[in-house]
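K.L.:
For reference, the file upload22.txt (compact mmCIF, C-alpha atoms and all ligand atoms) is included below:
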# COMPACT_ATOMS: atom_id res chain seq x y z
CA MET A 29 -44.67 -0.92 51.15
CA LYS A 30 -41.01 -0.14 51.84
CA THR A 31 -39.95 -3.66 50.78
CA MET A 32 -41.92 -3.25 47.57
CA ARG A 33 -40.01 -0.03 46.75
CA LYS A 34 -36.72 -1.69 47.58
CA LYS A 35 -37.54 -4.50 45.19
CA GLN A 36 -38.53 -2.03 42.46
CA PHE A 37 -35.31 -0.11 43.03
CA ARG A 38 -33.22 -3.30 42.81
CA PHE A 39 -34.98 -4.30 39.60
CA ALA A 40 -34.44 -0.84 38.08
CA SER A 41 -30.73 -0.93 39.03
CA PHE A 42 -30.38 -4.37 37.50
CA LEU A 43 -32.08 -3.19 34.31
CA LEU A 44 -29.84 -0.13 34.11
CA ALA A 45 -26.68 -2.21 34.61
CA PHE A 46 -27.84 -4.60 31.88
CA VAL A 47 -28.55 -1.78 29.42
CA LEU A 48 -25.17 -0.16 30.20
CA ALA A 49 -23.27 -3.41 29.74
CA PHE A 50 -25.02 -3.97 26.39
CA ALA A 51 -24.23 -0.43 25.23
CA LEU A 52 -20.57 -0.77 26.23
CA ALA A 53 -20.24 -4.10 24.42
CA ASN A 54 -21.58 -2.49 21.24
CA THR A 55 -19.24 0.50 21.57
CA GLY A 56 -16.38 -2.00 21.74
CA GLU A 57 -17.55 -3.61 18.53
CA ILE A 58 -17.70 -0.26 16.73
CA ALA A 59 -14.20 0.63 17.95
CA ALA A 60 -12.86 -2.72 16.70
CA GLU A 61 -14.41 -2.09 13.28
CA ALA A 62 -12.83 1.37 13.04
CA LYS A 63 -9.46 -0.16 13.87
CA THR A 64 -9.72 -2.67 11.02
CA THR A 65 -9.75 0.06 8.38
CA GLU A 66 -6.52 1.41 9.88
CA LYS A 67 -4.96 -1.96 9.10
CA THR A 68 -4.51 -0.90 5.47
CA VAL A 69 -1.31 0.75 4.31
CA ILE A 70 -0.78 2.22 0.85
CA LEU A 71 2.91 2.49 -0.02
CA TYR A 72 3.89 4.19 -3.22
CA PHE A 73 6.90 5.45 -5.10
CA SER A 74 6.27 8.19 -7.64
CA ALA A 75 8.77 10.25 -9.63
CA THR A 76 6.39 12.55 -11.50
CA GLY A 77 3.14 12.38 -9.51
CA THR A 78 0.94 9.93 -11.44
CA THR A 79 1.30 7.03 -9.00
CA LYS A 80 1.04 9.50 -6.12
CA LYS A 81 -2.39 10.72 -7.29
CA THR A 82 -3.50 7.12 -7.89
CA ALA A 83 -2.37 6.13 -4.38
CA ALA A 84 -4.27 9.08 -2.88
CA ARG A 85 -7.45 7.77 -4.52
CA ILE A 86 -6.81 4.31 -3.08
CA LYS A 87 -6.42 5.95 0.32
CA LYS A 88 -9.77 7.72 -0.14
CA SER A 89 -11.41 4.45 -1.07
CA THR A 90 -9.85 2.26 1.64
CA LYS A 91 -9.34 4.82 4.44
CA GLY A 92 -5.88 3.32 4.83
CA GLN A 93 -2.63 5.01 5.75
CA LEU A 94 -0.81 6.61 2.81
CA ILE A 95 3.00 6.48 2.88
CA GLU A 96 5.37 7.64 0.17
CA ILE A 97 8.49 5.55 -0.46
CA LYS A 98 11.06 8.35 -0.37
CA ALA A 99 14.41 7.93 -2.07
CA ALA A 100 17.25 9.05 0.20
CA ASP A 101 18.71 10.58 -2.94
CA PRO A 102 15.64 11.97 -4.76
CA TYR A 103 15.36 11.55 -8.54
CA THR A 104 15.84 14.81 -10.43
CA ASP A 105 14.47 15.47 -13.93
CA ALA A 106 17.96 14.79 -15.30
CA ASP A 107 18.10 11.50 -13.35
CA LEU A 108 14.81 10.44 -14.98
CA ASP A 109 15.89 11.12 -18.57
CA TRP A 110 15.74 7.67 -20.12
CA THR A 111 16.89 9.06 -23.47
CA ASP A 112 20.25 9.95 -21.90
CA ASP A 113 22.75 7.05 -21.85
CA ASP A 114 24.45 8.54 -18.80
CA SER A 115 21.38 9.32 -16.71
CA ARG A 116 20.80 7.68 -13.33
CA VAL A 117 17.80 5.63 -14.51
CA THR A 118 19.62 4.42 -17.63
CA LYS A 119 22.58 3.33 -15.51
CA GLU A 120 20.24 1.53 -13.08
CA HIS A 121 18.47 -0.11 -15.99
CA GLU A 122 21.70 -1.25 -17.61
CA SER A 123 23.20 -2.61 -14.38
CA ALA A 124 21.63 -6.04 -15.05
CA SER A 125 19.18 -7.82 -17.33
CA SER A 126 16.36 -6.99 -14.87
CA PRO A 127 16.02 -4.98 -11.62
CA ALA A 128 15.49 -8.27 -9.75
CA LYS A 129 18.98 -9.38 -10.80
CA SER A 130 20.65 -6.02 -10.26
CA LYS A 131 22.72 -5.05 -7.25
CA VAL A 132 21.48 -1.46 -7.47
CA ARG A 133 19.29 -0.84 -4.43
CA PRO A 134 18.60 2.89 -3.93
CA LYS A 135 18.29 3.77 -0.23
CA ILE A 136 14.86 4.59 1.21
CA ARG A 137 14.91 7.61 3.52
CA ASN A 138 11.83 6.65 5.56
CA LEU A 139 12.40 2.90 5.73
CA SER A 140 11.92 2.59 9.49
CA ALA A 141 8.59 4.48 9.38
CA ILE A 142 7.45 2.17 6.57
CA LYS A 143 8.50 -0.93 8.53
CA LYS A 144 6.60 0.28 11.59
CA ALA A 145 3.38 0.94 9.66
CA VAL A 146 3.55 -2.32 7.69
CA LYS A 147 4.13 -4.34 10.86
CA LYS A 148 0.74 -3.20 12.21
CA ALA A 149 -1.08 -3.67 8.89
CA ASP A 150 -2.87 -6.65 7.34
CA ILE A 151 -3.33 -5.20 3.86
CA VAL A 152 -0.49 -3.53 1.98
CA TYR A 153 -0.94 -1.80 -1.39
CA ILE A 154 2.38 -1.21 -3.19
CA GLY A 155 2.41 1.31 -6.03
CA TYR A 156 5.06 2.27 -8.56
CA PRO A 157 5.56 3.63 -12.07
CA ILE A 158 6.56 1.18 -14.79
CA TRP A 159 10.14 1.74 -15.88
CA TRP A 160 11.22 -0.30 -18.88
CA GLY A 161 8.39 -2.74 -18.25
CA GLN A 162 9.42 -3.34 -14.61
CA ALA A 163 9.16 -1.86 -11.12
CA PRO A 164 11.96 0.64 -10.40
CA HIS A 165 14.96 -0.65 -8.43
CA ILE A 166 13.88 1.22 -5.30
CA LEU A 167 10.86 -1.08 -5.05
CA TYR A 168 13.32 -3.95 -4.61
CA SER A 169 14.99 -1.98 -1.81
CA LEU A 170 11.53 -2.01 -0.22
CA VAL A 171 10.43 -5.63 -0.63
CA GLU A 172 13.84 -7.02 0.31
CA LYS A 173 13.90 -5.04 3.58
CA VAL A 174 10.28 -4.81 4.74
CA SER A 175 8.69 -8.04 5.91
CA LEU A 176 5.41 -8.82 4.16
CA LYS A 177 4.97 -12.12 5.99
CA GLY A 178 1.30 -12.93 6.51
CA LYS A 179 0.13 -9.76 4.73
CA THR A 180 -2.23 -9.36 1.80
CA VAL A 181 -0.22 -7.50 -0.83
CA ILE A 182 -1.83 -5.65 -3.71
CA PRO A 183 0.60 -4.25 -6.29
CA PHE A 184 -0.54 -1.41 -8.51
CA CYS A 185 1.31 0.63 -11.08
CA THR A 186 0.95 3.42 -13.62
CA SER A 187 2.44 3.67 -17.07
CA MET A 188 2.13 5.35 -20.44
CA SER A 189 1.36 2.23 -22.45
CA SER A 190 2.82 -0.93 -20.85
CA GLY A 191 0.76 -3.25 -18.67
CA ILE A 192 1.74 -4.62 -15.26
CA GLY A 193 3.51 -7.45 -17.16
CA SER A 194 5.98 -9.41 -15.01
CA SER A 195 6.76 -6.40 -12.78
CA ALA A 196 4.76 -7.52 -9.74
CA LYS A 197 5.69 -11.21 -10.10
CA ASN A 198 9.38 -10.27 -10.16
CA LEU A 199 8.97 -8.17 -7.04
CA LYS A 200 7.29 -11.08 -5.29
CA LYS A 201 10.27 -13.33 -6.11
CA LYS A 202 12.57 -11.07 -4.09
CA ALA A 203 10.13 -10.12 -1.33
CA VAL A 204 10.30 -11.18 2.31
CA ILE A 205 7.07 -13.20 2.42
CA SER A 206 5.71 -16.36 4.05
CA SER A 207 3.26 -19.07 3.00
CA LYS A 208 0.56 -16.94 4.67
CA THR A 209 1.25 -13.94 2.42
CA LYS A 210 -1.51 -13.39 -0.12
CA TRP A 211 0.13 -11.67 -3.07
CA LEU A 212 -2.64 -10.53 -5.41
CA LYS A 213 -2.26 -10.09 -9.17
CA GLY A 214 -2.41 -6.31 -8.97
CA ARG A 215 -3.33 -3.83 -11.64
CA ASN A 216 -1.86 -1.22 -13.95
CA PHE A 217 -3.48 2.13 -14.66
CA PHE A 218 -2.77 4.33 -17.64
CA ASP A 219 -2.41 7.80 -16.23
CA VAL A 220 -4.45 8.68 -13.11
CA PRO A 221 -7.65 6.60 -12.86
CA SER A 222 -10.90 8.21 -11.73
CA GLN A 223 -12.06 7.79 -8.13
CA LYS A 224 -14.96 5.72 -9.49
CA THR A 225 -12.55 3.31 -11.22
CA ILE A 226 -10.51 2.97 -8.04
CA ASN A 227 -13.59 2.42 -5.86
CA LYS A 228 -14.83 -0.28 -8.21
CA TRP A 229 -11.43 -1.99 -8.27
CA VAL A 230 -10.98 -1.85 -4.49
CA LYS A 231 -14.49 -3.27 -4.01
CA SER A 232 -13.77 -6.09 -6.48
CA LEU A 233 -10.80 -7.20 -4.34
CA GLU A 234 -13.26 -8.17 -1.58
CA LEU A 235 -10.75 -7.56 1.22
C1 LIG A 301 12.83 5.77 -16.67
C2 LIG A 301 11.42 5.62 -17.15
C3 LIG A 301 11.06 4.50 -17.86
C4 LIG A 301 9.74 4.34 -18.30
N1 LIG A 301 9.39 3.18 -18.94
C5 LIG A 301 8.10 3.00 -19.33
C6 LIG A 301 7.71 1.78 -19.96
O1 LIG A 301 8.48 0.86 -20.15
N2 LIG A 301 6.41 1.69 -20.36
C7 LIG A 301 5.50 2.69 -20.17
O2 LIG A 301 4.35 2.54 -20.55
N3 LIG A 301 5.84 3.84 -19.54
C8 LIG A 301 7.12 4.01 -19.11
N4 LIG A 301 7.48 5.17 -18.46
C9 LIG A 301 6.43 6.15 -18.15
C10 LIG A 301 5.91 5.98 -16.72
O3 LIG A 301 5.65 4.64 -16.39
C11 LIG A 301 4.61 6.75 -16.50
O4 LIG A 301 4.75 8.07 -16.92
C12 LIG A 301 4.19 6.67 -15.02
O5 LIG A 301 2.82 6.89 -14.92
C13 LIG A 301 4.95 7.66 -14.16
O6 LIG A 301 4.56 7.52 -12.84
P1 LIG A 301 4.98 8.60 -11.73
O7 LIG A 301 4.46 9.93 -12.20
O8 LIG A 301 4.28 8.16 -10.51
O9 LIG A 301 6.46 8.57 -11.61
C14 LIG A 301 8.78 5.35 -18.03
C15 LIG A 301 9.18 6.50 -17.34
C16 LIG A 301 10.48 6.65 -16.91
C17 LIG A 301 10.88 7.88 -16.13
Please render this file's structure as structure tokens.
P.N.:
Amino acid sequence: MKTMRKKQFRFASFLLAFVLAFALANTGEIAAEAKTTEKTVILYFSATGTTKKTAARIKKSTKGQLIEIKAADPYTDADLDWTDDDSRVTKEHESASSPAKSKVRPKIRNLSAIKKAVKKADIVYIGYPIWWGQAPHILYSLVEKVSLKGKTVIPFCTSMSSGIGSSAKNLKKKAVISSKTKWLKGRNFFDVPSQKTINKWVKSLEL
């Protein structure tokens, strides 16, 4: 009788160990899945808030990490006055035939934090406002300094009436990338898109 009980006990212990091992393996899987969503970083530069709001919606949709590209010398309203021949943006614009060819590279205050986050990420959204049909010069400061090797890059921009045009392609030309970088076409939004529009777009990327 005693041997019978011993056997039953051994069998029960074995069963318990098996169930525990199975449960732990599944917990591991869930943890790995949660980590994957953290592999998305949304970088954005925004002077008047439109791209910022758009980026926040992308964050909501992707559950990625949202990081503002902060100019070391922030743009004031006067700096942004494109109707003024002497304003900062006009001077940047007139420094070369395109931002890609310009030597103007405004400093990014939080560059090391951006580098750290991007290093850990697989998917990097890069957002900016359209300035004279192109990405602002500070975006070049970003792509020339932050390695996007092996990453999936999704440019997005906001504007009043222009499309994405050659802005993202020009950024790609100057970016630190590798043959494993997947640089997607990207998309422009007029004003702040709805959360529904963003969700639909993010889903269509199939990342
Ligand atoms: C210097 C400057 C140049 C601009 N050039 C264009 C342009 O070429 N085409 C356009 O549709 N909008 C242009 N805009 C408008 C911005 O692209 C638009 O308002 C954008 O959504 C602003 O984004 P933000 O609020 O994130 O800075 C320009 C704005 C500024 C300040």
K.L.:
Residues at most 6 Å from region 198-207 of chain A, counting all atoms listed in the file, excluding those fewer than 5 positions away in the same chain, as a list in words?
P.N.:
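Counting all atoms listed in the file, the residues come to Val171, Glu172, Ser175, Leu176 and Lys177 of chain A.
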K.L.:
Work out how far CA of Gln93 (chain A) is from CA of Lys147 (chain A), in Å to one decimal.
P.N.:
12.6 Å
K.L.:
Could you tell me which of A:Thr111, A:Ser140, A:Thr78, A:Ser125 comes closest to Ile97 (chain A) if we count all atoms listed in the file?
P.N.:
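Looking at the shortest contact to Ile97 (chain A), the residue is A:Ser140.
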K.L.:
Quick one: residues within 10 Å of Glu96 (chain A), all atoms listed in the file, excluding same-chain residues fewer than 4 positions away - as a compact mmCIF listing (two decimals) with C-alpha atoms, in the frame of the given file?
P.N.:
# COMPACT_ATOMS: atom_id res chain seq x y z
CA ILE A 70 -0.78 2.22 0.85
CA LEU A 71 2.91 2.49 -0.02
CA TYR A 72 3.89 4.19 -3.22
CA PHE A 73 6.90 5.45 -5.10
CA SER A 74 6.27 8.19 -7.64
CA LYS A 80 1.04 9.50 -6.12
CA ALA A 83 -2.37 6.13 -4.38
CA ASN A 138 11.83 6.65 5.56
CA ILE A 142 7.45 2.17 6.57
CA ILE A 154 2.38 -1.21 -3.19
CA GLY A 155 2.41 1.31 -6.03
K.L.:
Chain A near ligand LIG 301 (chain A) within 9 Å: what's each residue's closest atom pair and its distance in Å to one decimal, counting only C-alpha atoms and all ligand atoms, ordered by chain then ascending residue number, as CSV?
P.N.:
residue,atom,partner,partner_atom,distance
A:Tyr72,CA,A:LIG301,O8,8.3
A:Phe73,CA,A:LIG301,O8,6.6
A:Ser74,CA,A:LIG301,O8,3.5
A:Ala75,CA,A:LIG301,O9,3.5
A:Thr76,CA,A:LIG301,O7,3.3
A:Gly77,CA,A:LIG301,O7,3.9
A:Thr78,CA,A:LIG301,O7,3.6
A:Thr79,CA,A:LIG301,O8,3.5
A:Lys80,CA,A:LIG301,O8,5.6
A:Lys81,CA,A:LIG301,O8,7.8
A:Thr82,CA,A:LIG301,O8,8.3
A:Asp105,CA,A:LIG301,C17,8.7
A:Asp107,CA,A:LIG301,C1,8.5
A:Leu108,CA,A:LIG301,C17,4.8
A:Asp109,CA,A:LIG301,C17,6.4
A:Trp110,CA,A:LIG301,C1,4.9
A:Thr111,CA,A:LIG301,C1,8.6
A:Arg116,CA,A:LIG301,C1,8.9
A:Val117,CA,A:LIG301,C1,5.4
A:Thr118,CA,A:LIG301,C1,7.0
A:His121,CA,A:LIG301,C1,8.2
A:Gly155,CA,A:LIG301,O8,8.4
A:Tyr156,CA,A:LIG301,O8,6.3
A:Pro157,CA,A:LIG301,O6,4.1
A:Ile158,CA,A:LIG301,O3,3.9
A:Trp159,CA,A:LIG301,N1,3.5
A:Trp160,CA,A:LIG301,O1,3.2
A:Gly161,CA,A:LIG301,O1,4.1
A:Gln162,CA,A:LIG301,O1,7.0
A:Pro164,CA,A:LIG301,C1,8.1
A:Cys185,CA,A:LIG301,O5,7.5
A:Thr186,CA,A:LIG301,O5,4.2
A:Ser187,CA,A:LIG301,O3,3.4
A:Met188,CA,A:LIG301,O2,3.6
A:Ser189,CA,A:LIG301,O2,3.6
A:Ser190,CA,A:LIG301,O2,3.8
A:Gly191,CA,A:LIG301,O2,7.1
A:Phe217,CA,A:LIG301,O5,7.9
A:Phe218,CA,A:LIG301,O5,6.7
A:Asp219,CA,A:LIG301,O5,5.5
A:Val220,CA,A:LIG301,O5,7.7
K.L.:
Calculate how many Å separate CA of Ser115 (chain A) from CA of Lys197 (chain A), rounding to one decimal.
P.N.:
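About the pair CA of Ser115 (chain A) and CA of Lys197 (chain A): they are 26.7 Å apart.
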K.L.:
Provide the CA of Lys148 (chain A) to CA of Lys91 (chain A) distance in Å, to one decimal place.
P.N.:
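Value for the CA of Lys148 (chain A)-CA of Lys91 (chain A) distance: 15.0 Å.
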K.L.:
So which one's closest to Tyr168 (chain A), A:Lys224, A:Lys129, A:Arg137, A:Arg85? Using all atoms listed in the file, please.
P.N.:
A:Lys129
K.L.:
May I ask which of the residues A:Leu235, A:Val181, A:Ile95, A:Val230 is the closest one to Ala145 (chain A), counting all atoms listed in the file?
P.N.:
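Looking only at the distances to Ala145 (chain A), the closest residue turns out to be A:Ile95.
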K.L.:
Can you give me N, CA and C atoms for region 74-96 of chain A, written as a short mmCIF file (atom, residue, chain, number, x, y, z; two decimals), in the frame of the given file?
P.N.:
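New file out-v4.cif:
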data_model
loop_
_atom_site.label_atom_id
_atom_site.label_comp_id
_atom_site.auth_asym_id
_atom_site.auth_seq_id
_atom_site.Cartn_x
_atom_site.Cartn_y
_atom_site.Cartn_z
N SER A 74 6.74 7.44 -6.47
CA SER A 74 6.27 8.19 -7.64
C SER A 74 7.32 9.25 -7.98
N ALA A 75 7.75 9.26 -9.24
CA ALA A 75 8.77 10.25 -9.63
C ALA A 75 8.13 11.51 -10.19
N THR A 76 6.98 11.36 -10.87
CA THR A 76 6.39 12.55 -11.50
C THR A 76 4.91 12.79 -11.10
N GLY A 77 4.44 12.07 -10.09
CA GLY A 77 3.14 12.38 -9.51
C GLY A 77 1.95 11.52 -9.92
N THR A 78 2.09 10.72 -10.96
CA THR A 78 0.94 9.93 -11.44
C THR A 78 0.56 8.84 -10.43
N THR A 79 1.56 8.11 -9.97
CA THR A 79 1.30 7.03 -9.00
C THR A 79 0.86 7.64 -7.67
N LYS A 80 1.42 8.81 -7.36
CA LYS A 80 1.04 9.50 -6.12
C LYS A 80 -0.47 9.81 -6.10
N LYS A 81 -0.96 10.36 -7.21
CA LYS A 81 -2.39 10.72 -7.29
C LYS A 81 -3.25 9.45 -7.24
N THR A 82 -2.76 8.40 -7.88
CA THR A 82 -3.50 7.12 -7.89
C THR A 82 -3.57 6.57 -6.45
N ALA A 83 -2.43 6.62 -5.76
CA ALA A 83 -2.37 6.13 -4.38
C ALA A 83 -3.31 6.92 -3.47
N ALA A 84 -3.39 8.24 -3.71
CA ALA A 84 -4.27 9.08 -2.88
C ALA A 84 -5.74 8.66 -3.07
N ARG A 85 -6.07 8.22 -4.27
CA ARG A 85 -7.45 7.77 -4.52
C ARG A 85 -7.71 6.43 -3.84
N ILE A 86 -6.66 5.60 -3.79
CA ILE A 86 -6.81 4.31 -3.08
C ILE A 86 -7.00 4.59 -1.59
N LYS A 87 -6.27 5.57 -1.09
CA LYS A 87 -6.42 5.95 0.32
C LYS A 87 -7.87 6.39 0.59
N LYS A 88 -8.40 7.21 -0.31
CA LYS A 88 -9.77 7.72 -0.14
C LYS A 88 -10.76 6.55 -0.11
N SER A 89 -10.50 5.58 -0.95
CA SER A 89 -11.41 4.45 -1.07
C SER A 89 -11.30 3.47 0.10
N THR A 90 -10.07 3.28 0.60
CA THR A 90 -9.85 2.26 1.64
C THR A 90 -9.78 2.83 3.05
N LYS A 91 -9.58 4.13 3.16
CA LYS A 91 -9.34 4.82 4.44
C LYS A 91 -8.05 4.32 5.10
N GLY A 92 -7.15 3.80 4.29
CA GLY A 92 -5.88 3.32 4.83
C GLY A 92 -4.88 4.44 5.05
N GLN A 93 -3.70 4.03 5.49
CA GLN A 93 -2.63 5.01 5.75
C GLN A 93 -1.76 5.13 4.50
N LEU A 94 -1.58 6.36 4.05
CA LEU A 94 -0.81 6.61 2.81
C LEU A 94 0.64 6.95 3.15
N ILE A 95 1.57 6.20 2.59
CA ILE A 95 3.00 6.48 2.88
C ILE A 95 3.81 6.47 1.58
N GLU A 96 4.49 7.57 1.35
CA GLU A 96 5.37 7.64 0.17
C GLU A 96 6.68 6.91 0.44
#
